[in-house]
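J.: Take this structure, written in structure tokens, and hold onto it; I'll ask about it next.
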Amino acid sequence: MSDGRKPKSIWKRYEKPKTEVKRDESEKLYYRINKKTGRMETNLLEWIRSWKNVKVLKYSTRFANELRTGVRILYGVDQVLAANPMLPEVDTAREHWIPTAEQVAELNTINPRVAREARKTEMYLAWRHLQLEENARRKALNEVAKTKIDLEVKDIKERADTVSKIMGEILEDMTKTSRDRIEKYQRVPQDEDDEDALTLDEARERGDWLFIFQAARDTHFLPGVGEDRILLLEKQDQEKDYLSKMKHISGDFNRWITRFDDQIETCETIGVELTEEAKILYFMNNLNDSIFGSIKSNFLDLSTRRLFPDTYDEIKQRMIAEYSQLTSRKPHVVMKVIRGDDTRRYGESSFKSEEGGCHICGIHGHVWKKCRHNNNKYSLEQNRDYYLRKKQRGRPEETSEAPQSRAPRGGEDSRPGGGAGGAGGGGGRGGGV
């Protein structure tokens, strides 16, 4: 008999259990050797950036500041007690009172002993009143210090638990190869006074969670270098030379800045000394001439260079602001660079057509990549020369064949409607030359 309630769907019994989505291994920190090129590959910079910008934000903001600045904040109960000392109270008993030299001189001038003792009692009571006020002040300060110590000790315990959780999550966010390299890593002390952790176990005991990022840099940027100064110097020269030639040729400007900052971090990690002036010089020299041509000219001019900021971060922010304005004032120039239509990217064309249009046919309305006379198998010069040869022979309309001087099948014109040899066919432009 039905009780008026709707029966439950039987499909709820067979609902597929939710499975945890596995993370992509490419998102984790990896270190591998490319079998084709034999070069080392790692995503260390992207991995560190993901922790700075996203992953560490779910914890307290101070952890994000520590990772951003790289400053280690290590303190325990002893440091807290030293930073918040407890002030002792002064005993106000008469035997602890010592009159000053002026008071002794004044008491010696009083001849009657009774009057001298009365004056002495007055001096003691005045001193006792001041000490009671001082003791009250110290007691209030001690209460504040005690409350602060209790809070900081509690915070230290919570921080220790959080640091342990963060270190476990960081080590889990890397492949087994990278984790093994970091666990075997042993830092070389810089001097005798260097008291920082040397191994991962010491870092765990001290709560130094930034040690993992330092170990990751040393094991993923400079593998196999060790104490070989020649290899290190060679690596430094290579990375610095690459930084000085990171020309912004095409693509988005903000993405190029990210790559440029990554290269700066790479250089500084392996010990390359980069001053603010060097960063500014490399940055300004590598800007795209089509977008920042006038700004670069003002920077190279000694009379107007003083108008530019003196730090790399400030000048970078200024160029970002200039780029945002140029996207609205000169969108065609910016889009040309983003799409990679600037032919100087390939180092193949330093000329423009006489008409000022396409680099192959000279017609306005399209770029040379989209030209119907372009063949992607050949360079721009080869397509241009082939077009000019066809134009001289009075037939620049089609370049479907290769721009090499090889005879097409069936005669010079191999279009479907063209003739073969000397026989005109199908209404096409037949006939040999």
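FYI, nothing fancy with the structure tokens labels: chains A, B, ... in order, residues from 1 per chain, ligands from 1 as they appear.
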Write out as an mmCIF file with N, CA and C atoms, in the first residue's frame each polymer residue whose atoms come within 8 Å of region 125-136 of chain A, counting only C-alpha atoms; drop sequence neighbours fewer than 6 positions from it.

T.:
data_model
loop_
_atom_site.group_PDB
_atom_site.id
_atom_site.type_symbol
_atom_site.label_atom_id
_atom_site.label_comp_id
_atom_site.auth_asym_id
_atom_site.auth_seq_id
_atom_site.Cartn_x
_atom_site.Cartn_y
_atom_site.Cartn_z
ATOM 1 N N GLU A 89 60.902 44.775 40.249
ATOM 2 C CA GLU A 89 60.410 45.838 41.121
ATOM 3 C C GLU A 89 61.451 46.166 42.184
ATOM 4 N N VAL A 90 61.488 47.423 42.593
ATOM 5 C CA VAL A 90 62.465 47.912 43.567
ATOM 6 C C VAL A 90 61.883 47.774 44.977
ATOM 7 N N THR A 92 61.186 48.871 48.561
ATOM 8 C CA THR A 92 61.027 50.217 49.143
ATOM 9 C C THR A 92 61.363 50.262 50.631
ATOM 10 N N TRP A 97 67.344 52.390 50.898
ATOM 11 C CA TRP A 97 67.441 53.785 50.454
ATOM 12 C C TRP A 97 68.846 54.291 50.705
#

J.: Could you go through region 187-257 of chain A and tell me which residues DSSP, when run on the backbone, assigns to alpha helix (DSSP H), listing them as a ChimeraX atom specification?

T.: /A:200-206,211-221,229-244,253-257

J.: So which one's closest to Leu44 (chain A), A:Leu57, A:Ala215, A:Val272, A:Cys371? Using only C-alpha atoms, please.

T.: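 That would be A:Ala215, the residue with the smallest distance to Leu44 (chain A).
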
J.: Per residue of region 70-188 of chain A within 10 Å of region 207-213 of chain A, record the nearest atom pair and its distance in Å to one decimal, counting only C-alpha atoms, with rows in chain order and ascending residue number, as a Markdown table.

T.:
| residue | atom | partner | partner_atom | distance |
| --- | --- | --- | --- | --- |
| A:Gly70 | CA | A:Leu210 | CA | 7.4 |
| A:Val71 | CA | A:Leu210 | CA | 8.6 |
| A:Arg72 | CA | A:Leu210 | CA | 7.1 |
| A:Ile73 | CA | A:Asp208 | CA | 8.1 |
| A:Leu74 | CA | A:Asp208 | CA | 7.0 |
| A:Tyr75 | CA | A:Gly207 | CA | 9.1 |
| A:Gly76 | CA | A:Gly207 | CA | 9.9 |
| A:Arg159 | CA | A:Gly207 | CA | 8.6 |
| A:Ala160 | CA | A:Gly207 | CA | 6.4 |
| A:Asp161 | CA | A:Gly207 | CA | 9.3 |
| A:Thr162 | CA | A:Gly207 | CA | 9.5 |
| A:Val163 | CA | A:Gly207 | CA | 6.2 |
| A:Ser164 | CA | A:Gly207 | CA | 7.3 |
| A:Lys165 | CA | A:Trp209 | CA | 9.9 |
| A:Ile166 | CA | A:Trp209 | CA | 7.4 |
| A:Met167 | CA | A:Trp209 | CA | 5.9 |
| A:Gly168 | CA | A:Trp209 | CA | 9.6 |
| A:Ile170 | CA | A:Ile212 | CA | 7.9 |
| A:Leu171 | CA | A:Ile212 | CA | 8.1 |
| A:Arg179 | CA | A:Ile212 | CA | 9.7 |
| A:Ile182 | CA | A:Ile212 | CA | 7.1 |
| A:Glu183 | CA | A:Ile212 | CA | 9.0 |
| A:Tyr185 | CA | A:Ile212 | CA | 9.6 |
| A:Arg187 | CA | A:Phe211 | CA | 9.5 |

J.: Store the residues picked out above in a file with N, CA and C atoms, as a compact mmCIF listing (two decimals), in the first residue's frame.

T.:
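And here is the file that came out, part06.txt:
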# COMPACT_ATOMS: atom_id res chain seq x y z
N GLY A 70 62.48 36.65 0.58
CA GLY A 70 63.56 35.72 0.82
C GLY A 70 64.24 35.89 2.16
N VAL A 71 63.62 36.65 3.08
CA VAL A 71 64.20 36.90 4.40
C VAL A 71 63.67 35.84 5.36
N ARG A 72 64.57 35.10 5.97
CA ARG A 72 64.18 34.06 6.92
C ARG A 72 63.85 34.68 8.27
N ILE A 73 62.72 34.31 8.84
CA ILE A 73 62.32 34.75 10.18
C ILE A 73 62.33 33.52 11.08
N LEU A 74 63.43 33.37 11.82
CA LEU A 74 63.60 32.22 12.70
C LEU A 74 63.71 32.72 14.14
N TYR A 75 62.78 32.34 14.98
CA TYR A 75 62.84 32.73 16.38
C TYR A 75 62.14 31.68 17.21
N GLY A 76 62.61 31.57 18.47
CA GLY A 76 62.04 30.62 19.40
C GLY A 76 61.67 31.30 20.69
N ARG A 159 53.00 28.32 14.47
CA ARG A 159 53.87 28.50 13.30
C ARG A 159 54.65 27.22 13.01
N ALA A 160 55.10 26.54 14.07
CA ALA A 160 55.84 25.29 13.87
C ALA A 160 54.97 24.25 13.17
N ASP A 161 53.70 24.17 13.57
CA ASP A 161 52.79 23.23 12.91
C ASP A 161 52.56 23.63 11.45
N THR A 162 52.39 24.94 11.21
CA THR A 162 52.15 25.41 9.84
C THR A 162 53.38 25.20 8.96
N VAL A 163 54.56 25.48 9.50
CA VAL A 163 55.79 25.30 8.73
C VAL A 163 55.98 23.83 8.37
N SER A 164 55.69 22.94 9.32
CA SER A 164 55.79 21.51 9.03
C SER A 164 54.83 21.11 7.92
N LYS A 165 53.63 21.68 7.94
CA LYS A 165 52.64 21.39 6.90
C LYS A 165 53.08 21.94 5.55
N ILE A 166 53.63 23.16 5.55
CA ILE A 166 54.07 23.78 4.30
C ILE A 166 55.22 22.99 3.69
N MET A 167 56.19 22.60 4.52
CA MET A 167 57.35 21.86 4.00
C MET A 167 56.91 20.52 3.41
N GLY A 168 55.95 19.86 4.07
CA GLY A 168 55.45 18.61 3.50
C GLY A 168 54.74 18.83 2.18
N ILE A 170 55.30 21.33 0.05
CA ILE A 170 56.28 21.72 -0.96
C ILE A 170 57.00 20.49 -1.51
N LEU A 171 57.42 19.60 -0.62
CA LEU A 171 58.10 18.40 -1.07
C LEU A 171 57.19 17.48 -1.86
N ARG A 179 62.76 15.60 -5.66
CA ARG A 179 62.74 15.43 -4.21
C ARG A 179 64.01 14.73 -3.72
N ILE A 182 66.91 17.20 -3.62
CA ILE A 182 66.84 18.15 -2.51
C ILE A 182 67.14 17.48 -1.18
N GLU A 183 66.68 16.25 -0.99
CA GLU A 183 66.95 15.55 0.26
C GLU A 183 68.44 15.23 0.41
N TYR A 185 70.81 17.15 -0.81
CA TYR A 185 71.55 18.41 -0.94
C TYR A 185 72.16 18.82 0.40
N ARG A 187 74.27 22.16 1.88
CA ARG A 187 74.73 23.51 1.58
C ARG A 187 76.14 23.73 2.12

J.: I'd like to know which of A:Ser328, A:Thr304, A:Asn111, A:Gln238 is closest to Gln263 (chain A), using only C-alpha atoms.

T.: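 Under the stated criterion, the closest residue is A:Gln238.
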
J.: From the options A:Asn298, A:Thr219, A:Thr61, A:Thr275, which residue's atoms come nearest to Ser178 (chain A), counting only C-alpha atoms?

T.: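 Residue with the minimum atom-to-atom distance to Ser178 (chain A): A:Thr219.
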
J.: Skip Lys148 (chain A) itself and residues of its chain fewer than 3 positions away, then list as number ranges by chain all residues within 12 Å of it, counting only C-alpha atoms.

T.: A: 77, 80-81, 83-86, 141-145, 151-155

J.: Please report the interatomic distance between CA of Met40 (chain A) and CA of Cys267 (chain A) in Å with one decimal.

T.: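 Value for the CA of Met40 (chain A)-CA of Cys267 (chain A) distance: 16.4 Å.
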
J.: Quick one: of A:Glu265, A:Lys391, A:Glu205, A:Gln79, who's nearest to Arg49 (chain A), counting only C-alpha atoms?

T.: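 Smallest distance to Arg49 (chain A) is found for A:Glu265.
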
J.: For the atom pair CA of Tyr30 (chain A) and CA of Lys279 (chain A), what is the interatomic distance in Å to one decimal place?

T.: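 Atom-to-atom, CA of Tyr30 (chain A) to CA of Lys279 (chain A), that is 28.7 Å.
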
J.: Please determine, counting only C-alpha atoms, which residue among A:Trp368, A:Phe283, A:Tyr242, A:Tyr31 has the shortest atom-to-atom distance to Trp47 (chain A).

T.: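 Nearest to Trp47 (chain A): A:Tyr31.
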
J.: For Asn254 (chain A), list every protein, DNA or RNA residue within 12 Å, evaluated using only C-alpha atoms, and leave out those in the same chain fewer than 6 positions away; present the list as a list in words.

T.: His248, Phe260, Asp261, Leu287, Lys316, Gln317, Met319, Ile320, Ala321, Glu322, Tyr323, Ser324 and Ile338 of chain A

J.: Next, write the just-selected residues to a file, as an mmCIF file, in the first residue's frame, keeping N, CA and C atoms as the atom set.

T.:
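What follows is the written file part_39.cif:
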data_model
loop_
_atom_site.group_PDB
_atom_site.id
_atom_site.type_symbol
_atom_site.label_atom_id
_atom_site.label_comp_id
_atom_site.auth_asym_id
_atom_site.auth_seq_id
_atom_site.Cartn_x
_atom_site.Cartn_y
_atom_site.Cartn_z
ATOM 1 N N HIS A 248 62.890 41.719 -27.411
ATOM 2 C CA HIS A 248 61.442 41.549 -27.558
ATOM 3 C C HIS A 248 61.092 41.747 -29.026
ATOM 4 N N PHE A 260 61.965 37.903 -18.975
ATOM 5 C CA PHE A 260 63.150 38.710 -18.671
ATOM 6 C C PHE A 260 63.446 38.667 -17.171
ATOM 7 N N ASP A 261 62.418 38.793 -16.336
ATOM 8 C CA ASP A 261 62.607 38.701 -14.886
ATOM 9 C C ASP A 261 63.078 37.312 -14.472
ATOM 10 N N LEU A 287 64.092 46.318 -25.664
ATOM 11 C CA LEU A 287 62.720 46.693 -25.995
ATOM 12 C C LEU A 287 62.519 46.693 -27.506
ATOM 13 N N LYS A 316 60.607 49.614 -15.116
ATOM 14 C CA LYS A 316 59.765 48.549 -15.673
ATOM 15 C C LYS A 316 58.292 48.923 -15.566
ATOM 16 N N GLN A 317 57.890 49.441 -14.418
ATOM 17 C CA GLN A 317 56.498 49.857 -14.261
ATOM 18 C C GLN A 317 56.149 51.003 -15.205
ATOM 19 N N MET A 319 57.469 51.483 -18.220
ATOM 20 C CA MET A 319 57.321 50.922 -19.565
ATOM 21 C C MET A 319 56.003 50.141 -19.699
ATOM 22 N N ILE A 320 55.580 49.504 -18.631
ATOM 23 C CA ILE A 320 54.285 48.809 -18.669
ATOM 24 C C ILE A 320 53.158 49.807 -18.850
ATOM 25 N N ALA A 321 53.251 50.948 -18.145
ATOM 26 C CA ALA A 321 52.231 51.989 -18.318
ATOM 27 C C ALA A 321 52.266 52.571 -19.732
ATOM 28 N N GLU A 322 53.463 52.781 -20.272
ATOM 29 C CA GLU A 322 53.575 53.277 -21.644
ATOM 30 C C GLU A 322 52.989 52.272 -22.631
ATOM 31 N N TYR A 323 53.221 51.001 -22.388
ATOM 32 C CA TYR A 323 52.687 49.979 -23.276
ATOM 33 C C TYR A 323 51.159 49.958 -23.248
ATOM 34 N N SER A 324 50.580 50.150 -22.081
ATOM 35 C CA SER A 324 49.117 50.192 -21.976
ATOM 36 C C SER A 324 48.544 51.374 -22.755
ATOM 37 N N ILE A 338 52.627 41.654 -31.713
ATOM 38 C CA ILE A 338 52.073 40.491 -31.018
ATOM 39 C C ILE A 338 51.903 39.324 -31.976
#

J.: So which one's closest to Asn288 (chain A), A:Lys247, A:Trp256, A:Ser50, A:Ile270? Using only C-alpha atoms, please.

T.: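 Counting only C-alpha atoms, the residue closest to Asn288 (chain A) is A:Lys247.
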